[in-house]
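**Student:** Below is coords-v3.txt; it holds compact mmCIF, C-alpha atoms.
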# COMPACT_ATOMS: atom_id res chain seq x y z
CA MET A 1 0.00 0.00 0.00
CA SER A 2 1.27 3.46 -0.88
CA ILE A 3 0.44 6.87 0.45
CA ILE A 4 0.12 9.39 -2.42
CA ASP A 5 1.86 12.77 -2.24
CA VAL A 6 -0.79 14.82 -4.00
CA THR A 7 1.63 17.71 -4.61
CA SER A 8 3.84 15.74 -6.98
CA GLY A 9 1.89 12.65 -8.00
CA THR A 10 4.87 10.39 -7.06
CA PRO A 11 4.03 7.38 -4.85
CA THR A 12 5.97 7.45 -1.60
CA ALA A 13 6.30 4.17 0.28
CA PHE A 14 4.93 4.26 3.79
CA GLY A 15 7.62 2.97 6.14
CA SER A 16 10.14 2.65 3.31
CA GLY A 17 12.86 1.61 5.73
CA VAL A 18 10.97 -1.58 6.59
CA LYS A 19 11.15 -4.62 4.36
CA SER A 20 7.92 -5.71 2.79
CA GLY A 21 6.19 -8.69 4.35
CA PRO A 22 2.81 -10.37 4.52
CA ALA A 23 -0.07 -8.00 5.06
CA LYS A 24 -1.47 -7.94 8.58
CA ALA A 25 -5.08 -8.71 9.21
CA PRO A 26 -7.26 -5.62 9.77
CA VAL A 27 -8.25 -6.72 13.28
CA ALA A 28 -4.64 -7.09 14.37
CA ALA A 29 -3.82 -3.60 13.10
CA THR A 30 -6.87 -2.20 14.80
CA LEU A 31 -6.20 -3.70 18.20
CA GLY A 32 -2.45 -3.28 18.10
CA THR A 33 -1.82 -6.98 18.89
CA THR A 34 1.03 -7.47 16.37
CA ALA A 35 4.55 -7.57 17.65
CA PRO A 36 5.88 -4.02 17.81
CA ASN A 37 8.77 -3.07 15.53
CA SER A 38 11.77 -1.42 17.10
CA GLY A 39 12.34 2.11 15.92
CA ARG A 40 15.49 4.14 15.98
CA ASN A 41 17.59 3.97 19.14
CA GLY A 42 15.64 0.91 20.29
CA THR A 43 12.40 2.81 20.87
CA VAL A 44 9.08 1.25 19.99
CA ASP A 45 6.55 2.97 17.70
CA THR A 46 2.99 1.77 18.25
CA VAL A 47 0.08 2.98 16.14
CA SER A 48 -3.55 2.08 16.82
CA LEU A 49 -6.00 2.59 13.97
CA SER A 50 -9.76 2.61 14.01
CA THR A 51 -11.73 0.17 11.94
CA ASP A 52 -12.67 2.94 9.47
CA ALA A 53 -9.02 3.94 9.10
CA VAL A 54 -7.96 0.37 8.39
CA ARG A 55 -10.67 0.05 5.74
CA ALA A 56 -9.52 3.30 4.16
CA MET A 57 -5.92 2.07 4.07
CA GLU A 58 -6.96 -1.21 2.48
CA ALA A 59 -8.99 0.70 -0.12
CA GLY A 60 -6.05 3.02 -0.84
CA THR A 61 -8.07 6.18 -0.22
CA ILE A 62 -5.82 7.82 2.37
CA SER A 63 -3.60 10.63 1.14
CA PHE A 64 -1.66 13.46 2.67
CA THR A 65 -0.47 16.81 1.38
CA VAL A 66 3.06 18.10 1.77
CA PRO A 67 2.94 21.92 2.01
CA LYS A 68 4.85 23.60 -0.78
CA ALA A 69 7.66 25.94 0.12
CA ASP A 70 6.94 29.62 -0.34
CA ALA A 71 7.94 30.44 -3.91
CA ALA A 72 9.21 33.93 -3.04
CA ALA A 73 11.33 32.61 -0.17
CA ALA A 74 12.78 29.79 -2.23
CA LYS A 75 13.69 32.02 -5.17
CA ASP A 76 17.22 33.17 -5.71
CA PRO A 77 17.38 36.82 -4.49
CA VAL A 78 19.37 37.83 -7.55
CA ALA A 79 16.82 36.20 -9.85
CA ALA A 80 14.00 37.87 -7.91
CA ARG A 81 15.58 41.32 -8.34
CA MET A 82 16.13 40.67 -12.03
CA GLU A 83 12.49 39.65 -12.46
CA THR A 84 11.37 42.85 -10.72
CA MET A 85 13.67 44.97 -12.89
CA LEU A 86 12.40 43.38 -16.10
CA ALA A 87 8.79 43.76 -14.95
CA ARG A 88 9.41 47.43 -14.17
CA ARG A 89 10.99 48.03 -17.58
CA ASP A 90 8.11 46.34 -19.39
CA TYR A 91 5.51 48.24 -17.35
CA ASP A 92 7.23 51.60 -17.89
CA LEU A 93 7.33 51.06 -21.66
CA LYS A 94 3.64 50.13 -21.76
CA GLN A 95 2.75 53.07 -19.50
CA ALA A 96 4.69 55.47 -21.76
CA ASP A 97 2.84 54.21 -24.84
CA TYR A 98 -0.48 54.53 -23.01
CA MET A 99 0.22 58.08 -21.87
CA ARG A 100 1.32 59.15 -25.36
CA GLU A 101 -1.89 57.87 -26.95
CA ALA A 102 -4.14 59.11 -24.14
CA MET A 103 -2.60 62.58 -24.17
CA GLY A 104 -3.18 62.75 -27.92
CA MET A 105 -6.85 62.02 -27.28
CA LEU A 106 -6.93 64.71 -24.60
CA ARG A 107 -5.41 67.31 -26.93
CA GLN A 108 -8.03 66.55 -29.54
CA THR A 109 -10.92 66.58 -27.07
CA LEU A 110 -9.89 69.84 -25.38
CA ASN A 111 -8.63 71.51 -28.58
CA LEU A 112 -5.14 72.02 -27.17
CA PRO A 113 -2.37 73.08 -29.58
CA GLU A 114 0.18 70.49 -30.68
CA ASP A 115 3.09 72.88 -30.16
CA GLN A 116 2.37 73.46 -26.47
CA SER A 117 3.33 71.20 -23.60
CA ILE A 118 0.67 69.83 -21.24
CA PHE A 119 0.91 68.73 -17.64
CA LEU A 120 -1.73 67.12 -15.45
CA GLY A 121 -2.27 66.83 -11.72
CA GLY A 122 -4.82 65.47 -9.29
CA ALA A 123 -8.21 64.48 -10.68
CA ALA A 124 -7.07 65.26 -14.24
CA HIS A 125 -5.44 61.81 -14.31
CA GLY A 126 -8.81 60.20 -13.65
CA LEU A 127 -10.37 62.14 -16.52
CA LEU A 128 -7.52 61.03 -18.79
CA ASP A 129 -8.18 57.37 -17.95
CA ARG A 130 -11.89 57.88 -18.47
CA LEU A 131 -11.31 59.41 -21.89
CA ALA A 132 -8.91 56.61 -22.87
CA ALA A 133 -11.36 53.88 -21.80
CA LYS A 134 -14.14 55.58 -23.72
CA ASN A 135 -12.00 55.35 -26.86
CA GLY A 136 -11.04 51.72 -26.32
CA LEU A 137 -7.55 52.29 -24.91
CA SER A 138 -6.76 50.02 -21.95
CA LYS A 139 -4.54 51.18 -19.14
CA PRO A 140 -1.62 48.81 -18.39
CA GLU A 141 -2.03 46.63 -15.31
CA LEU A 142 0.67 46.72 -12.65
CA PRO A 143 2.52 43.36 -12.84
CA ASP A 144 2.34 40.97 -9.88
CA ALA A 145 6.12 41.13 -9.45
CA LEU A 146 5.91 44.89 -8.85
CA ARG A 147 2.92 44.58 -6.53
CA ALA A 148 4.84 42.01 -4.49
CA ALA A 149 7.71 44.49 -4.26
CA GLY A 150 5.33 47.16 -2.90
CA ALA A 151 4.91 49.22 -6.07
CA LYS A 152 1.65 51.05 -6.75
CA ASP A 153 0.02 52.82 -9.66
CA PRO A 154 1.44 56.36 -9.26
CA PHE A 155 -1.82 57.99 -10.39
CA ALA A 156 -4.40 55.71 -8.74
CA GLU A 157 -4.99 57.91 -5.70
CA ASP A 158 -5.11 61.10 -7.76
CA ALA A 159 -7.94 59.75 -9.92
CA ASP A 160 -10.50 60.30 -7.14
CA ALA A 161 -9.09 63.58 -5.84
CA GLU A 162 -11.49 66.48 -5.34
CA THR A 163 -9.48 68.84 -7.50
CA GLY A 164 -7.39 68.58 -10.63
CA VAL A 165 -5.12 70.81 -12.69
CA ILE A 166 -4.38 71.04 -16.39
CA GLY A 167 -1.50 73.23 -17.44
CA VAL A 168 -0.48 74.44 -20.87
CA GLY A 169 2.95 75.94 -21.51
CA MET A 170 4.89 77.54 -24.32
CA PRO A 171 8.26 75.74 -24.63
CA ASN A 172 11.36 77.79 -23.77
CA SER A 173 9.33 80.93 -23.13
CA GLY A 174 8.30 80.81 -19.48
CA LYS A 175 4.69 81.35 -20.54
CA GLU A 176 2.07 79.09 -19.00
CA LEU A 177 -1.60 78.77 -18.23
CA GLN A 178 -2.96 76.68 -15.37
CA VAL A 179 -6.59 75.75 -14.85
CA VAL A 180 -7.46 74.20 -11.48
CA PHE A 181 -10.95 72.73 -11.30
CA ASP A 182 -13.32 71.42 -8.66
CA ARG A 183 -14.13 67.89 -9.91
CA LEU A 184 -17.30 67.45 -7.86
CA GLY A 185 -18.49 70.99 -8.53
CA LEU A 186 -18.12 70.69 -12.31
CA ALA A 187 -19.59 67.19 -12.35
CA GLY A 188 -22.64 68.32 -10.40
CA ARG A 189 -23.12 71.37 -12.55
CA SER A 190 -22.75 69.47 -15.82
CA THR A 191 -25.91 67.49 -15.14
CA LYS A 192 -28.02 70.49 -14.10
CA THR A 193 -27.47 73.41 -16.41
CA ASP A 194 -25.91 74.67 -19.61
CA ASP A 195 -25.58 78.22 -18.31
CA PRO A 196 -22.14 79.65 -19.10
CA LEU A 197 -19.47 79.93 -16.44
CA ARG A 198 -18.11 83.36 -15.59
CA MET A 199 -14.43 84.39 -15.32
CA ILE A 200 -13.74 87.22 -12.88
CA ALA A 201 -10.31 88.83 -12.74
CA LEU A 202 -8.87 88.95 -9.24
CA THR A 203 -7.23 92.38 -9.50
CA ASP A 204 -6.49 94.82 -6.74
CA GLY A 205 -9.12 97.22 -8.01
CA ASN A 206 -11.87 94.62 -8.11
CA GLY A 207 -13.91 94.79 -4.94
CA ARG A 208 -15.16 91.24 -5.38
CA GLY A 209 -11.64 89.88 -5.84
CA GLY A 210 -10.78 89.65 -2.15
CA ALA A 211 -13.74 87.45 -1.28
CA LEU A 212 -13.29 85.19 -4.30
CA LEU A 213 -9.54 84.88 -3.70
CA GLY A 214 -10.32 83.93 -0.11
CA ALA A 215 -12.75 81.29 -1.36
CA ILE A 216 -10.02 79.84 -3.57
CA LYS A 217 -7.38 79.79 -0.85
CA GLY A 218 -9.70 78.38 1.79
CA GLY A 219 -11.55 75.91 -0.44
CA THR A 220 -10.75 72.75 -2.34
CA LEU A 221 -8.95 74.70 -5.08
CA GLY A 222 -6.37 76.13 -2.69
CA GLY A 223 -4.14 73.06 -2.66
CA LEU A 224 -3.35 73.27 -6.39
CA THR A 225 -3.78 76.98 -7.15
CA ASP A 226 -0.61 79.04 -7.11
CA THR A 227 -1.64 82.30 -5.46
CA ARG A 228 1.85 83.65 -4.83
CA PRO A 229 2.24 87.32 -5.81
CA GLY A 230 4.66 88.44 -8.47
CA GLN A 231 6.13 86.36 -11.31
CA GLY A 232 4.05 88.45 -13.69
CA ALA A 233 1.05 86.20 -13.04
CA ASN A 234 -2.63 87.10 -13.22
CA LEU A 235 -5.42 85.11 -11.60
CA TRP A 236 -9.11 84.62 -12.38
CA ALA A 237 -11.92 82.94 -10.50
CA VAL A 238 -14.37 80.90 -12.55
CA THR A 239 -17.80 80.94 -10.94
CA ASP A 240 -21.14 79.25 -11.52
CA GLY A 241 -22.34 82.37 -13.33
CA ASP A 242 -22.81 84.59 -10.31
CA GLY A 243 -20.63 87.67 -10.23
CA GLY A 244 -21.15 88.47 -6.55
CA PRO A 245 -18.67 87.88 -3.73
CA ASN A 246 -20.65 84.83 -2.57
CA ALA A 247 -20.53 83.06 -5.93
CA ARG A 248 -19.46 79.43 -5.98
CA VAL A 249 -15.95 79.13 -7.39
CA LEU A 250 -15.63 76.09 -9.64
CA ALA A 251 -12.17 76.76 -11.06
CA SER A 252 -9.22 79.11 -10.99
CA VAL A 253 -7.15 80.28 -13.94
CA ARG A 254 -3.56 81.46 -13.57
CA SER A 255 -1.68 83.00 -16.48
CA VAL A 256 1.95 83.93 -16.90
CA GLY A 257 2.44 85.78 -20.19
CA MET A 258 -0.68 84.28 -21.77
CA ASP A 259 -3.31 86.83 -20.74
CA ASP A 260 -4.31 87.47 -24.35
CA VAL A 261 -5.48 83.88 -24.80
CA ALA A 262 -6.30 83.01 -21.20
CA THR A 263 -10.03 83.66 -21.39
CA GLY A 264 -10.64 81.82 -24.64
CA MET A 265 -8.36 78.89 -23.83
CA ALA A 266 -9.70 78.44 -20.29
CA THR A 267 -13.30 78.62 -21.52
CA ASN A 268 -12.70 75.96 -24.16
CA LEU A 269 -10.81 73.79 -21.71
CA LEU A 270 -13.54 73.93 -19.09
CA LYS A 271 -16.16 73.26 -21.76
CA GLY A 272 -14.21 70.15 -22.77
CA LEU A 273 -13.97 69.04 -19.14
CA LYS A 274 -17.71 69.47 -18.77
CA GLY A 275 -18.17 67.19 -21.78
CA LEU A 276 -15.99 64.54 -20.13
CA PHE A 277 -18.06 64.72 -16.96
CA ASP A 278 -21.22 64.44 -19.06
CA GLY A 279 -19.75 61.44 -20.85
CA THR A 280 -20.16 63.11 -24.25
Written as structure tokens, that's how I'd like the structure from this file.

**Tutor:**
Amino acid sequence: MSIIDVTSGTPTAFGSGVKSGPAKAPVAATLGTTAPNSGRNGTVDTVSLSTDAVRAMEAGTISFTVPKADAAAAKDPVAARMETMLARRDYDLKQADYMREAMGMLRQTLNLPEDQSIFLGGAAHGLLDRLAAKNGLSKPELPDALRAAGAKDPFAEDADAETGVIGVGMPNSGKELQVVFDRLGLAGRSTKTDDPLRMIALTDGNGRGGALLGAIKGGTLGGLTDTRPGQGANLWAVTDGDGGPNARVLASVRSVGMDDVATGMATNLLKGLKGLFDGT
């Protein structure tokens, strides 16, 4: 009779150190009346089996499982590091291809010029993934080897952030335009009304500017809006259409050297974002 190691499928003799002999009667095995065999160092090993166990042994239905060694622990550390490095390289290449295609879709959707650089932050990454999925582009999955090493999707947490930023810059000129938006505010508005948003310049001579600037700094937009003075920057508040000091601020627009196109570009960009929230 053999006991089967179900992890390998190779029969392993039970008591392989003992020479084979005539089978013992079930009753003798059950009652333990056979002469005991001497074990190592002269000790005696006695096993008493129930009637059901003896029947199972005779029928060959008893099996045991040898736990497998942990694959990660048994792996050569050098080989493990090499596997992680190769997985990282493959993931980075796939992620770069994905970002290139997705950013092309974003440029087209938001009517952004090809000759201007774009940068994203916060909830803008979630919108990028949403746009890519809508157009049949799948985001690369993080390989198991990288997950085991503690790596995470660098943009996963940003996707559900309350605020996001999309920036447009003119290469080698220092000119840039940043639009910071309230994701929940725009999403909620997009399903309720088509009324136009309103851009209000936050200038020193504008009496409403102080209250709106305070709303930006103290609200959800404050974390991503650069409100530092100087640098030749101008700032606008984008409201829900109300021009009063208590208007709800849904976005901020910051321009350095792009004031002549700031209004038109920001309006088109926010219109495109609204379309993404609407799913159109």

**Student:** So which residues fall inside 10 Å of (-11.0, 76.5, -10.6) if we count only C-alpha atoms? Mind giving them as number ranges by chain?

**Tutor:** A: 163-165, 178-183, 185-186, 199, 216, 220-222, 224-225, 236-239, 249-254, 266, 270

**Student:** When you draw a straight line from atom CA of A:Pro196 to atom CA of A:Asp240, how long is it in Å?

**Tutor:** 7.7 Å

**Student:** Using all atoms listed in the file, which residues sit within 10 Å of A:Leu273 once same-chain residues fewer than 5 positions away are excluded, as a PyMOL selection string?

**Tutor:** chain A and resi 106+109-110+124+127+181+183+186-187+190+267-268+278-280

**Student:** Next, write the just-selected residues to a file, as a tab-separated table (two decimals), in the coordinates of the input, keeping C-alpha atoms as the atom set.

**Tutor:**
chain	number	residue	atom	x	y	z
A	106	LEU	CA	-6.93	64.71	-24.60
A	109	THR	CA	-10.92	66.58	-27.07
A	110	LEU	CA	-9.89	69.84	-25.38
A	124	ALA	CA	-7.07	65.26	-14.24
A	127	LEU	CA	-10.37	62.14	-16.52
A	181	PHE	CA	-10.95	72.73	-11.30
A	183	ARG	CA	-14.13	67.89	-9.91
A	186	LEU	CA	-18.12	70.69	-12.31
A	187	ALA	CA	-19.59	67.19	-12.35
A	190	SER	CA	-22.75	69.47	-15.82
A	267	THR	CA	-13.30	78.62	-21.52
A	268	ASN	CA	-12.70	75.96	-24.16
A	278	ASP	CA	-21.22	64.44	-19.06
A	279	GLY	CA	-19.75	61.44	-20.85
A	280	THR	CA	-20.16	63.11	-24.25

**Student:** One decimal, Å: what's the distance from atom CA of A:Ser138 over to atom CA of A:Met85, could you say?

**Tutor:**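 Atom-to-atom, atom CA of A:Ser138 and atom CA of A:Met85 are spaced 22.9 Å apart.
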
**Student:** Under the rule that all atoms listed in the file are counted, which of A:Leu184, A:Glu141, A:Val168, A:Arg147 is the nearest residue to A:Arg107?

**Tutor:**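 Once distances to A:Arg107 are computed over all atoms listed in the file, the minimum belongs to A:Val168.
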
**Student:** Quick one: residues within 12 Å of A:Gly136, all atoms listed in the file counted, chain neighbours fewer than 3 positions away excluded, as a compact mmCIF listing (two decimals) with C-alpha atoms, in the coordinates of the input?

**Tutor:**
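And here's part_37.txt as it stands now:
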# COMPACT_ATOMS: atom_id res chain seq x y z
CA TYR A 98 -0.48 54.53 -23.01
CA GLU A 101 -1.89 57.87 -26.95
CA ALA A 102 -4.14 59.11 -24.14
CA MET A 105 -6.85 62.02 -27.28
CA ASP A 129 -8.18 57.37 -17.95
CA ARG A 130 -11.89 57.88 -18.47
CA LEU A 131 -11.31 59.41 -21.89
CA ALA A 132 -8.91 56.61 -22.87
CA ALA A 133 -11.36 53.88 -21.80
CA LYS A 139 -4.54 51.18 -19.14

**Student:** Go through A:Ala159, A:Ala247, A:Met170, A:Leu142 and flag the residue nearest A:Arg198, using all atoms listed in the file for the distances.

**Tutor:** A:Ala247

**Student:** For each of A:Thr203, A:Gly223, A:Gly272, A:Leu197, take the minimum atom-to-atom distance to A:Arg248, counting all atoms listed in the file, then give the residue where this is smallest.

**Tutor:**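 Residue with the minimum atom-to-atom distance to A:Arg248: A:Leu197.
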
**Student:** For a test of reading the model, state the distance in Å between atom CA of A:Ala156 and atom CA of A:His125, rounded to one decimal.

**Tutor:**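 About the pair atom CA of A:Ala156 and atom CA of A:His125: they are 8.3 Å apart.
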